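Engineer: One file: target-v4.pdb (PDB, C-alpha atoms).
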```pdb
ATOM      1  CA  MET A  28     189.785  87.724 103.110
ATOM      2  CA  VAL A  29     189.589  91.397 104.098
ATOM      3  CA  LEU A  30     187.520  92.161 107.217
ATOM      4  CA  SER A  31     185.753  95.497 107.020
ATOM      5  CA  GLY A  32     183.524  97.398 109.426
ATOM      6  CA  PRO A  33     181.016 100.229 109.031
ATOM      7  CA  MET A  34     182.096 103.815 109.625
ATOM      8  CA  LEU A  35     178.531 104.952 110.316
ATOM      9  CA  ALA A  36     178.329 103.538 113.834
ATOM     10  CA  MET A  37     181.686 105.036 114.792
ATOM     11  CA  ARG A  38     181.151 108.452 113.224
ATOM     12  CA  ALA A  39     178.052 109.264 115.247
ATOM     13  CA  ARG A  40     179.942 108.786 118.519
ATOM     14  CA  PHE A  41     183.590 109.560 117.856
ATOM     15  CA  GLY A  42     183.780 111.299 114.482
ATOM     16  CA  ASP A  43     185.458 109.925 111.369
ATOM     17  CA  GLU A  44     189.100 110.216 112.376
ATOM     18  CA  GLU A  45     188.806 108.776 115.873
ATOM     19  CA  GLY A  46     186.463 106.112 114.549
ATOM     20  CA  ILE A  47     189.117 105.004 112.049
ATOM     21  CA  ARG A  48     191.750 104.836 114.789
ATOM     22  CA  ARG A  49     189.524 102.739 117.034
ATOM     23  CA  MET A  50     188.697 100.354 114.177
ATOM     24  CA  ALA A  51     192.411  99.925 113.508
ATOM     25  CA  ARG A  52     193.145  99.176 117.165
ATOM     26  CA  ALA A  53     190.331  96.616 117.212
ATOM     27  CA  GLY A  54     191.917  94.714 114.318
ATOM     28  CA  PHE A  55     189.873  95.560 111.237
ATOM     29  CA  ASP A  56     191.585  95.522 107.848
ATOM     30  CA  ALA A  57     189.408  98.108 106.122
ATOM     31  CA  VAL A  58     186.618 100.656 106.478
ATOM     32  CA  ASP A  59     183.192 100.722 104.845
ATOM     33  CA  TYR A  60     182.302 104.415 104.478
ATOM     34  CA  THR A  61     178.683 105.552 104.362
ATOM     35  CA  PHE A  62     177.732 108.845 102.687
ATOM     36  CA  ASN A  63     174.228 109.017 104.167
ATOM     37  CA  GLU A  64     174.845 112.498 105.589
ATOM     38  CA  MET A  65     175.034 113.849 102.052
ATOM     39  CA  VAL A  66     171.246 114.227 102.044
ATOM     40  CA  ASN A  67     172.038 117.288 104.204
ATOM     41  CA  PRO A  68     173.184 120.161 101.918
ATOM     42  CA  ASN A  69     175.574 121.358 104.655
ATOM     43  CA  CYS A  70     177.400 118.027 104.925
ATOM     44  CA  ILE A  71     181.145 118.494 104.380
ATOM     45  CA  TRP A  72     180.993 116.207 101.333
ATOM     46  CA  ASN A  73     178.667 118.775  99.710
ATOM     47  CA  THR A  74     181.027 121.695 100.309
ATOM     48  CA  ASP A  75     184.113 122.868  98.459
ATOM     49  CA  LYS A  76     186.209 121.221 101.193
ATOM     50  CA  PHE A  77     185.282 117.676 100.185
ATOM     51  CA  GLN A  78     188.515 116.910  98.346
ATOM     52  CA  ASP A  79     190.686 118.021 101.252
ATOM     53  CA  TYR A  80     188.489 116.023 103.628
ATOM     54  CA  ALA A  81     188.829 112.881 101.519
ATOM     55  CA  LYS A  82     192.601 113.335 101.437
ATOM     56  CA  ARG A  83     192.697 113.771 105.209
ATOM     57  CA  LEU A  84     190.613 110.652 105.908
ATOM     58  CA  ARG A  85     192.646 108.586 103.478
ATOM     59  CA  THR A  86     195.840 109.717 105.208
ATOM     60  CA  VAL A  87     194.459 108.854 108.659
ATOM     61  CA  ALA A  88     193.430 105.415 107.418
ATOM     62  CA  GLU A  89     196.828 104.734 105.860
ATOM     63  CA  GLU A  90     198.672 105.923 108.974
ATOM     64  CA  ASN A  91     196.680 103.367 110.943
ATOM     65  CA  GLY A  92     197.169 100.504 108.493
ATOM     66  CA  LEU A  93     193.655 100.612 107.038
ATOM     67  CA  PHE A  94     192.076 101.408 103.692
ATOM     68  CA  PHE A  95     188.564 102.126 102.427
ATOM     69  CA  ASN A  96     187.275  98.977 100.756
ATOM     70  CA  GLN A  97     183.628  99.860 100.215
ATOM     71  CA  ALA A  98     181.163 102.732 100.448
ATOM     72  CA  HIS A  99     177.439 103.377 100.483
ATOM     73  CA  ALA A 100     175.735 106.082  98.454
ATOM     74  CA  PRO A 101     173.164 108.305 100.232
ATOM     75  CA  PHE A 102     169.584 107.064 100.059
ATOM     76  CA  LEU A 103     167.549 108.870 102.739
ATOM     77  CA  PHE A 104     165.922 111.260 100.282
ATOM     78  CA  ASP A 105     162.253 112.204 100.208
ATOM     79  CA  TRP A 106     161.632 109.863  97.299
ATOM     80  CA  ASP A 107     157.841 110.192  97.453
ATOM     81  CA  SER A 108     157.915 113.894  96.666
ATOM     82  CA  MET A 109     161.109 114.065  94.586
ATOM     83  CA  TRP A 110     160.797 111.066  92.272
ATOM     84  CA  GLN A 111     159.669 111.925  88.711
ATOM     85  CA  THR A 112     159.939 115.642  89.431
ATOM     86  CA  GLU A 113     162.652 118.162  88.678
ATOM     87  CA  GLN A 114     163.963 117.485  92.185
ATOM     88  CA  PHE A 115     165.246 114.106  91.090
ATOM     89  CA  ASP A 116     167.572 115.670  88.510
ATOM     90  CA  ALA A 117     168.315 118.696  90.676
ATOM     91  CA  VAL A 118     168.958 116.977  94.023
ATOM     92  CA  ILE A 119     168.938 113.166  94.124
ATOM     93  CA  LEU A 120     170.954 112.284  91.042
ATOM     94  CA  PRO A 121     173.674 114.949  91.505
ATOM     95  CA  THR A 122     174.132 113.959  95.161
ATOM     96  CA  ILE A 123     174.531 110.289  94.313
ATOM     97  CA  GLU A 124     176.880 111.170  91.457
ATOM     98  CA  ARG A 125     178.978 113.268  93.834
ATOM     99  CA  SER A 126     179.161 110.341  96.253
ATOM    100  CA  LEU A 127     180.738 108.301  93.448
ATOM    101  CA  LEU A 128     183.452 110.938  93.141
ATOM    102  CA  CYS A 129     183.921 111.085  96.918
ATOM    103  CA  ALA A 130     184.268 107.307  97.003
ATOM    104  CA  ALA A 131     186.889 107.463  94.274
ATOM    105  CA  LEU A 132     188.851 110.075  96.252
ATOM    106  CA  LEU A 133     188.889 107.688  99.229
ATOM    107  CA  GLY A 134     190.234 104.928  96.995
ATOM    108  CA  VAL A 135     187.045 102.892  97.246
ATOM    109  CA  PRO A 136     186.737 100.256  94.478
ATOM    110  CA  GLN A 137     182.952  99.816  94.778
ATOM    111  CA  ILE A 138     180.004 101.714  96.184
ATOM    112  CA  VAL A 139     176.578 100.329  97.068
ATOM    113  CA  VAL A 140     173.741 102.237  95.390
ATOM    114  CA  HIS A 141     170.238 101.238  96.458
ATOM    115  CA  PRO A 142     167.696 100.623  93.723
ATOM    116  CA  ILE A 143     164.622 102.803  93.480
ATOM    117  CA  HIS A 144     162.116 101.031  95.707
ATOM    118  CA  HIS A 145     159.992 103.612  97.501
ATOM    119  CA  ILE A 146     156.690 102.300  96.137
ATOM    120  CA  ARG A 147     154.942  98.985  96.783
ATOM    121  CA  TYR A 148     156.797  96.176  95.022
ATOM    122  CA  HIS A 149     153.840  93.846  94.445
ATOM    123  CA  GLY A 150     151.887  95.042  91.419
ATOM    124  CA  ASN A 151     154.667  97.374  90.264
ATOM    125  CA  GLU A 152     157.369  94.868  89.368
ATOM    126  CA  GLU A 153     157.682  95.826  85.695
ATOM    127  CA  MET A 154     157.628  99.559  86.425
ATOM    128  CA  LEU A 155     160.341  99.215  89.071
ATOM    129  CA  TRP A 156     162.426  97.093  86.715
ATOM    130  CA  ASP A 157     162.246  99.771  84.007
ATOM    131  CA  TRP A 158     162.904 102.640  86.409
ATOM    132  CA  ASN A 159     165.958 100.936  87.822
ATOM    133  CA  MET A 160     167.317  99.880  84.466
ATOM    134  CA  ASP A 161     167.210 103.534  83.392
ATOM    135  CA  TYR A 162     168.574 104.689  86.767
ATOM    136  CA  TYR A 163     171.679 102.518  86.704
ATOM    137  CA  HIS A 164     172.287 103.209  83.027
ATOM    138  CA  ARG A 165     172.453 106.901  83.945
ATOM    139  CA  LEU A 166     174.948 106.306  86.757
ATOM    140  CA  LEU A 167     177.267 103.761  85.162
ATOM    141  CA  PRO A 168     179.104 106.099  82.717
ATOM    142  CA  LEU A 169     180.203 108.293  85.618
ATOM    143  CA  ALA A 170     181.155 105.255  87.692
ATOM    144  CA  LYS A 171     183.443 104.149  84.866
ATOM    145  CA  GLN A 172     184.925 107.627  84.617
ATOM    146  CA  TYR A 173     185.794 107.549  88.319
ATOM    147  CA  GLY A 174     186.838 103.898  88.305
ATOM    148  CA  VAL A 175     184.310 102.892  90.973
ATOM    149  CA  LYS A 176     181.993  99.915  90.482
ATOM    150  CA  ILE A 177     178.331 100.164  91.482
ATOM    151  CA  ALA A 178     177.066  97.389  93.738
ATOM    152  CA  LEU A 179     173.322  96.740  93.502
ATOM    153  CA  GLU A 180     171.719  95.608  96.768
ATOM    154  CA  ASN A 181     168.771  93.307  97.457
ATOM    155  CA  MET A 182     166.063  95.164  99.360
ATOM    156  CA  TRP A 183     163.006  94.447 101.523
ATOM    157  CA  GLN A 184     159.882  96.340 102.509
ATOM    158  CA  THR A 185     157.072  96.059 105.017
ATOM    159  CA  ASP A 186     153.724  94.604 103.993
ATOM    160  CA  PRO A 187     151.280  97.369 105.015
ATOM    161  CA  LYS A 188     148.499  94.904 105.851
ATOM    162  CA  ARG A 189     150.403  92.150 107.643
ATOM    163  CA  GLU A 190     153.048  94.525 109.068
ATOM    164  CA  CYS A 191     155.851  92.095 108.367
ATOM    165  CA  GLY A 192     158.783  91.841 105.979
ATOM    166  CA  ASP A 193     157.979  91.316 102.318
ATOM    167  CA  SER A 194     159.487  91.138  98.840
ATOM    168  CA  ASP A 195     161.126  94.151  97.262
ATOM    169  CA  VAL A 196     163.420  95.061  94.376
ATOM    170  CA  PHE A 197     166.133  92.408  93.881
ATOM    171  CA  SER A 198     164.902  90.320  96.813
ATOM    172  CA  HIS A 199     163.979  87.433  94.506
ATOM    173  CA  PRO A 200     167.249  85.684  93.590
ATOM    174  CA  ARG A 201     166.425  84.980  89.950
ATOM    175  CA  GLU A 202     165.103  88.491  89.340
ATOM    176  CA  PHE A 203     168.320  89.947  90.776
ATOM    177  CA  LYS A 204     170.414  87.621  88.598
ATOM    178  CA  GLU A 205     168.413  88.432  85.480
ATOM    179  CA  PHE A 206     168.603  92.176  86.086
ATOM    180  CA  LEU A 207     172.388  92.080  86.328
ATOM    181  CA  ASP A 208     172.609  89.907  83.224
ATOM    182  CA  VAL A 209     170.391  92.276  81.225
ATOM    183  CA  LEU A 210     172.280  95.311  82.532
ATOM    184  CA  ASP A 211     175.394  93.460  81.374
ATOM    185  CA  ASP A 212     178.054  95.861  82.585
ATOM    186  CA  PRO A 213     181.303  94.937  84.364
ATOM    187  CA  TYR A 214     180.878  98.020  86.534
ATOM    188  CA  ALA A 215     177.566  96.690  87.918
ATOM    189  CA  VAL A 216     177.961  93.948  90.535
ATOM    190  CA  ALA A 217     175.893  92.398  93.323
ATOM    191  CA  CYS A 218     176.065  93.282  97.005
ATOM    192  CA  VAL A 219     174.189  90.620  98.958
ATOM    193  CA  ASP A 220     172.688  91.918 102.170
ATOM    194  CA  VAL A 221     172.039  88.740 104.129
ATOM    195  CA  GLY A 222     169.820  90.500 106.662
ATOM    196  CA  HIS A 223     167.595  91.974 103.963
ATOM    197  CA  ALA A 224     167.209  88.531 102.421
ATOM    198  CA  GLY A 225     165.878  87.136 105.683
ATOM    199  CA  LEU A 226     163.446  90.017 106.134
ATOM    200  CA  ALA A 227     162.096  89.519 102.609
ATOM    201  CA  GLY A 228     161.410  85.863 103.361
ATOM    202  CA  GLU A 229     164.281  84.563 101.250
ATOM    203  CA  ASP A 230     167.114  82.210 102.166
ATOM    204  CA  PRO A 231     170.400  84.196 102.011
ATOM    205  CA  ALA A 232     172.263  81.018 101.013
ATOM    206  CA  ASP A 233     169.956  80.491  98.020
ATOM    207  CA  LEU A 234     170.448  84.092  96.961
ATOM    208  CA  LEU A 235     174.224  83.691  97.133
ATOM    209  CA  ARG A 236     174.237  80.436  95.176
ATOM    210  CA  ILE A 237     171.968  81.725  92.413
ATOM    211  CA  LEU A 238     173.953  84.947  91.979
ATOM    212  CA  GLY A 239     177.248  83.039  92.140
ATOM    213  CA  SER A 240     180.202  84.923  90.696
ATOM    214  CA  ARG A 241     178.129  88.111  90.360
ATOM    215  CA  VAL A 242     178.499  88.606  94.135
ATOM    216  CA  LYS A 243     181.365  91.015  94.720
ATOM    217  CA  ALA A 244     180.293  92.649  97.994
ATOM    218  CA  LEU A 245     178.500  91.789 101.220
ATOM    219  CA  HIS A 246     176.495  93.449 103.959
ATOM    220  CA  ILE A 247     176.870  91.164 106.967
ATOM    221  CA  HIS A 248     174.502  91.571 109.907
ATOM    222  CA  ASP A 249     171.809  89.664 111.765
ATOM    223  CA  ASN A 250     168.151  90.077 112.691
ATOM    224  CA  ARG A 251     165.188  88.088 113.979
ATOM    225  CA  HIS A 252     163.339  88.108 110.653
ATOM    226  CA  LYS A 253     161.018  90.855 111.893
ATOM    227  CA  VAL A 254     162.964  94.118 112.213
ATOM    228  CA  ASP A 255     166.058  95.361 110.361
ATOM    229  CA  ASP A 256     168.156  95.096 113.541
ATOM    230  CA  HIS A 257     171.581  95.348 111.873
ATOM    231  CA  THR A 258     173.151  93.550 114.807
ATOM    232  CA  LEU A 259     176.092  91.201 115.174
ATOM    233  CA  PRO A 260     175.903  87.665 113.723
ATOM    234  CA  TYR A 261     174.672  85.087 116.235
ATOM    235  CA  LEU A 262     172.493  87.689 117.998
ATOM    236  CA  GLY A 263     169.628  87.075 115.586
ATOM    237  CA  LYS A 264     168.136  84.124 113.760
ATOM    238  CA  LEU A 265     170.098  83.898 110.509
ATOM    239  CA  ASP A 266     171.783  80.553 109.824
ATOM    240  CA  TRP A 267     175.478  81.387 109.730
ATOM    241  CA  ASP A 268     176.571  77.832 108.981
ATOM    242  CA  SER A 269     174.390  77.902 105.874
ATOM    243  CA  ILE A 270     175.516  81.398 104.806
ATOM    244  CA  THR A 271     179.240  80.734 105.201
ATOM    245  CA  LYS A 272     178.895  77.381 103.443
ATOM    246  CA  ALA A 273     177.221  79.046 100.460
ATOM    247  CA  LEU A 274     179.964  81.703 100.284
ATOM    248  CA  GLY A 275     182.587  78.965 100.238
ATOM    249  CA  GLU A 276     180.743  76.959  97.592
ATOM    250  CA  ILE A 277     180.523  79.928  95.197
ATOM    251  CA  ASP A 278     184.212  80.622  95.930
ATOM    252  CA  TYR A 279     183.475  84.164  97.033
ATOM    253  CA  ARG A 280     186.726  86.143  96.933
ATOM    254  CA  GLY A 281     185.457  89.586  97.878
ATOM    255  CA  ASP A 282     185.615  91.289 101.249
ATOM    256  CA  PHE A 283     183.737  90.372 104.415
ATOM    257  CA  THR A 284     182.019  93.639 105.248
ATOM    258  CA  PHE A 285     179.952  94.113 108.374
ATOM    259  CA  GLU A 286     176.947  96.428 108.398
ATOM    260  CA  VAL A 287     176.212  96.047 112.108
ATOM    261  CA  THR A 288     175.230  99.668 112.619
ATOM    262  CA  SER A 289     173.210  99.118 115.818
ATOM    263  CA  TYR A 290     175.485  96.642 117.607
ATOM    264  CA  LEU A 291     177.523  99.288 119.442
ATOM    265  CA  THR A 292     174.529 101.311 120.638
ATOM    266  CA  PRO A 293     174.087  99.600 124.040
ATOM    267  CA  PHE A 294     177.787  99.943 124.950
ATOM    268  CA  ASP A 295     179.100 103.144 126.522
ATOM    269  CA  ASP A 296     182.283 104.798 125.282
ATOM    270  CA  GLU A 297     184.462 102.903 127.751
ATOM    271  CA  MET A 298     183.187  99.565 126.416
ATOM    272  CA  ALA A 299     183.222 100.491 122.726
ATOM    273  CA  ASP A 300     186.750  99.224 122.056
ATOM    274  CA  ALA A 301     186.055  95.860 123.694
ATOM    275  CA  ALA A 302     182.834  95.537 121.704
ATOM    276  CA  LEU A 303     184.716  96.289 118.498
ATOM    277  CA  ARG A 304     187.361  93.682 119.302
ATOM    278  CA  PHE A 305     184.657  91.074 119.819
ATOM    279  CA  GLN A 306     183.107  92.071 116.499
ATOM    280  CA  VAL A 307     186.479  91.405 114.871
ATOM    281  CA  GLU A 308     186.661  87.986 116.553
ATOM    282  CA  VAL A 309     183.235  87.077 115.189
ATOM    283  CA  GLY A 310     184.271  88.270 111.736
ATOM    284  CA  ARG A 311     187.485  86.232 111.717
ATOM    285  CA  HIS A 312     185.531  83.188 112.891
ATOM    286  CA  LEU A 313     183.010  83.504 110.051
ATOM    287  CA  ILE A 314     185.770  84.097 107.495
ATOM    288  CA  GLN A 315     187.444  80.868 108.621
ATOM    289  CA  LYS A 316     184.150  79.020 108.183
ATOM    290  CA  ILE A 317     183.986  80.333 104.608
ATOM    291  CA  GLU A 318     187.530  79.191 103.921
ATOM    292  CA  ASN A 319     186.731  75.756 105.364
ATOM    293  CA  SER A 320     183.720  75.480 103.021
ATOM    294  CA  ARG A 321     185.580  76.154  99.792
ATOM    295  CA  VAL A 322     185.416  73.319  97.298
ATOM    296  CA  LYS A 323     188.868  71.766  97.267
TER     297      LYS A 323
END
```
Just give me the structure of the file as structure tokens.

Structural biologist:
Amino acid sequence: MVLSGPMLAMRARFGDEEGIRRMARAGFDAVDYTFNEMVNPNCIWNTDKFQDYAKRLRTVAEENGLFFNQAHAPFLFDWDSMWQTEQFDAVILPTIERSLLCAALLGVPQIVVHPIHHIRYHGNEEMLWDWNMDYYHRLLPLAKQYGVKIALENMWQTDPKRECGDSDVFSHPREFKEFLDVLDDPYAVACVDVGHAGLAGEDPADLLRILGSRVKALHIHDNRHKVDDHTLPYLGKLDWDSITKALGEIDYRGDFTFEVTSYLTPFDDEMADAALRFQVEVGRHLIQKIENSRVK
């Protein structure tokens, strides 16, 4: 099973190229590339240099024995003011569509695209279902053109009264399963974010089992069921025996992709490589637990 790590945490400190080199030295197999910076019009991916930049990063990865296995479309837009206005068609949709092309240029087989979920989930379930069905139907033709699958991700949101994690789009396992079945497109797959499941009050193992073969991507990280910590497994409260057992039982054959974007923050530059190597050790350990849980 391929072990992948997030580029986001490395880019902020070392830049893309040096981040790739450090990930290779630590022992990762692949890189998960995040296009969050594309919400900034001046981001290199929004300039006429984006193709050359993609070629350069792909070359650096290959020279260091890595490849780009997964990506994440930008999502930090001002949804409240842009949604259902001309700004959605003028800014949000074109930027996400361009990220699909950028992912294809990096050789990425699948890119995570968040559902629309900026409004309160409870009381708006049917509206959010319809919005997202239309949203993904608009994106899928271009995804097919570029040969990049779209991975839908289970989300969570904060209950404004209780100030704790709550349900959101695709957080309920059977809703997520039904949405994918109704969408019924081989270019639409499930990315299970185990941390988001915990924050929404769901059992990640149940979500994995109910989705079954629809799961083609993962976001692996830990939290304490209160804040989206995005830290290393075993530093939070998720049940990793249960999660790895479920992945083995559904015979998951995709990649093991970390999204531990905050794990490196406490370590200074001199300790970053050691921290990355330990992350790889944890990843290999969890992969072995999955392999041991496969139904013989």

Engineer: Could you check the closest approach to Leu179 in chain A for each of A:Leu238, A:Leu84, A:Cys191, A:His145 and tell me which residue wins, using all atoms listed in the file?

Structural biologist: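 Between A:Leu238, A:Leu84, A:Cys191, A:His145, the residue approaching Leu179 in chain A most closely is A:Leu238.
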
Engineer: Measure the distance from CA of Ile123 in chain A to CA of Asn67 in chain A in Å and round it to one decimal.

Structural biologist: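 Between these atoms lies a distance of 12.4 Å.
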
Engineer: Please build the interface table for range 47-152 of chain A against range 216-229 of chain A with a cut-off of 10 Å, listing for each qualifying residue the nearest atom pair and the distance in Å to one decimal; count only C-alpha atoms, order rows by chain and increasing number, and write it as a tab-separated table.

Structural biologist:
```
residue	atom	partner	partner_atom	distance
A:Gln137	CA	A:Val216	CA	8.8
A:Ile138	CA	A:Cys218	CA	9.3
A:Val139	CA	A:Cys218	CA	7.1
A:Val140	CA	A:Cys218	CA	9.4
A:His141	CA	A:Cys218	CA	9.9
```

Engineer: Save the residues we just selected, C-alpha atoms, as a tab-separated table (two decimals), keeping the file's coordinate frame?

Structural biologist:
```
chain	number	residue	atom	x	y	z
A	137	GLN	CA	182.95	99.82	94.78
A	138	ILE	CA	180.00	101.71	96.18
A	139	VAL	CA	176.58	100.33	97.07
A	140	VAL	CA	173.74	102.24	95.39
A	141	HIS	CA	170.24	101.24	96.46
```

Engineer: Sort by chain and increasing residue number a table of all residues of range 30-115 of chain A within 12 Å of range 306-313 of chain A, each with its closest pair of atoms and their distance in Å to one decimal, counting only C-alpha atoms, and write it as a tab-separated table.

Structural biologist:
```
residue	atom	partner	partner_atom	distance
A:Leu30	CA	A:Gly310	CA	6.8
A:Ser31	CA	A:Gly310	CA	8.8
A:Gly32	CA	A:Val307	CA	8.6
A:Pro33	CA	A:Gln306	CA	11.3
A:Arg49	CA	A:Val307	CA	11.9
A:Met50	CA	A:Val307	CA	9.2
A:Ala51	CA	A:Val307	CA	10.5
A:Arg52	CA	A:Val307	CA	10.5
A:Ala53	CA	A:Val307	CA	6.9
A:Gly54	CA	A:Val307	CA	6.4
A:Phe55	CA	A:Val307	CA	6.5
A:Asp56	CA	A:Val307	CA	9.6
A:Ala57	CA	A:Val307	CA	11.4
```

Engineer: Take the selection from the previous step and output its residues with C-alpha atoms, as a PDB file, in the frame of the given file.

Structural biologist:
```
ATOM      1  CA  LEU A  30     187.520  92.161 107.217  1.00  0.00           C
ATOM      2  CA  SER A  31     185.753  95.497 107.020  1.00  0.00           C
ATOM      3  CA  GLY A  32     183.524  97.398 109.426  1.00  0.00           C
ATOM      4  CA  PRO A  33     181.016 100.229 109.031  1.00  0.00           C
ATOM      5  CA  ARG A  49     189.524 102.739 117.034  1.00  0.00           C
ATOM      6  CA  MET A  50     188.697 100.354 114.177  1.00  0.00           C
ATOM      7  CA  ALA A  51     192.411  99.925 113.508  1.00  0.00           C
ATOM      8  CA  ARG A  52     193.145  99.176 117.165  1.00  0.00           C
ATOM      9  CA  ALA A  53     190.331  96.616 117.212  1.00  0.00           C
ATOM     10  CA  GLY A  54     191.917  94.714 114.318  1.00  0.00           C
ATOM     11  CA  PHE A  55     189.873  95.560 111.237  1.00  0.00           C
ATOM     12  CA  ASP A  56     191.585  95.522 107.848  1.00  0.00           C
ATOM     13  CA  ALA A  57     189.408  98.108 106.122  1.00  0.00           C
TER      14      ALA A  57
END
```

Engineer: Go ahead and compute the interatomic distance for CA of Leu120 in chain A and CA of Leu166 in chain A, in Å to one decimal.

Structural biologist: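 Interatomic distance here is 8.4 Å.
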
Engineer: Taking the file as shown, what set of residues would the PyMOL selection byres ((chain A and resi 129) around 8) give back, as a compact mmCIF listing (two decimals) with C-alpha atoms, in the coordinates of the input?

Structural biologist:
```txt
# COMPACT_ATOMS: atom_id res chain seq x y z
CA TRP A 72 180.99 116.21 101.33
CA PHE A 77 185.28 117.68 100.18
CA GLN A 78 188.52 116.91 98.35
CA ALA A 81 188.83 112.88 101.52
CA ARG A 125 178.98 113.27 93.83
CA SER A 126 179.16 110.34 96.25
CA LEU A 127 180.74 108.30 93.45
CA LEU A 128 183.45 110.94 93.14
CA ALA A 130 184.27 107.31 97.00
CA ALA A 131 186.89 107.46 94.27
CA LEU A 132 188.85 110.08 96.25
CA LEU A 133 188.89 107.69 99.23
```

Engineer: Run the PyMOL selection byres ((chain A and resi 245) around 9) on the file and write out the hits as a list in words.

Structural biologist: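 When the PyMOL selection byres ((chain A and resi 245) around 9) is applied, the selected residues are Glu180, Ala217, Cys218, Val219, Asp220, Val221, Val242, Lys243, Ala244, His246, Ile247, Gly281, Asp282, Phe283, Thr284, Phe285 and Glu286 of chain A.
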
Engineer: Work out how far apart CA of Ala36 in chain A and CA of Glu64 in chain A are and give it in Å to one decimal.

Structural biologist: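 Distance between the two atoms: 12.7 Å.
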
Engineer: Go through A:Asp230, A:Asp212, A:Glu153, A:Asp278 one by one, measure the shortest atom-to-atom distance of each to Ser198 in chain A using all atoms listed in the file, and give the residue with the smallest value.

Structural biologist: A:Asp230

Engineer: Pick the closest to Ala273 in chain A from A:Pro168, A:Pro142, A:Pro231, A:Pro293: which is it, counting only C-alpha atoms?

Structural biologist: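 Looking only at the distances to Ala273 in chain A, the closest residue turns out to be A:Pro231.
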
Engineer: Restricting the calculation to all atoms listed in the file: of A:Tyr173, A:Tyr162, A:Phe115, A:Phe197, which residue gets closest to Tyr148 in chain A?

Structural biologist: A:Phe197

Engineer: Counting all atoms listed in the file, which of A:Leu155, A:Thr271, A:Thr288, A:Arg147 gets nearest to Arg38 in chain A?

Structural biologist: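 Closest residue, counting all atoms listed in the file: A:Thr288.
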
Engineer: Excluding Asp107 in chain A and any residue of its chain fewer than 2 positions from it, enumerate the residues within 9 Å of it, using only C-alpha atoms, and give them as a PyMOL selection string.

Structural biologist: chain A and resi 104-105+109-110+145-146

Engineer: Please report, as AutoDock Vina command-line options, the centre and edge lengths in Å to one decimal of an axis-aligned box covering all listed atoms of range 103-106 of chain A with 4 Å per side.

Structural biologist:
```
--center_x 164.6 --center_y 110.5 --center_z 100.0 --size_x 13.9 --size_y 11.3 --size_z 13.4
```

Engineer: Skip Ala299 in chain A itself and residues of its chain fewer than 5 positions away, then list as a list in words all residues within 10 Å of it, counting all atoms listed in the file.

Structural biologist: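 Within the cut-off, the hits are Met37, Arg40, Arg49, Ala53, Leu291, Thr292, Pro293, Phe294, Arg304 and Phe305 of chain A.
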
Engineer: Would you mind telling me which residue in A:Asn250, A:Gln111, A:Gln172, A:Thr122 lies nearest to Trp267 in chain A when using all atoms listed in the file?

Structural biologist: A:Asn250

Engineer: Render range 301-313 of chain A from the structure in the preceding block as a file of C-alpha atoms, as a PDB file, in the first residue's frame.

Structural biologist:
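Result file decode04.pdb:
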```
ATOM      1  CA  ALA A 301      13.216  13.241  12.403  1.00  0.00           C
ATOM      2  CA  ALA A 302       9.540  14.080  12.879  1.00  0.00           C
ATOM      3  CA  LEU A 303       8.832  13.103   9.282  1.00  0.00           C
ATOM      4  CA  ARG A 304      10.655   9.795   9.700  1.00  0.00           C
ATOM      5  CA  PHE A 305       8.550   9.001  12.752  1.00  0.00           C
ATOM      6  CA  GLN A 306       5.422   9.860  10.777  1.00  0.00           C
ATOM      7  CA  VAL A 307       6.520   7.311   8.176  1.00  0.00           C
ATOM      8  CA  GLU A 308       7.046   4.695  10.902  1.00  0.00           C
ATOM      9  CA  VAL A 309       3.525   5.273  12.206  1.00  0.00           C
ATOM     10  CA  GLY A 310       2.154   5.024   8.674  1.00  0.00           C
ATOM     11  CA  ARG A 311       3.938   1.743   7.941  1.00  0.00           C
ATOM     12  CA  HIS A 312       2.708   0.362  11.264  1.00  0.00           C
ATOM     13  CA  LEU A 313      -0.918   1.218  10.467  1.00  0.00           C
TER      14      LEU A 313
END
```
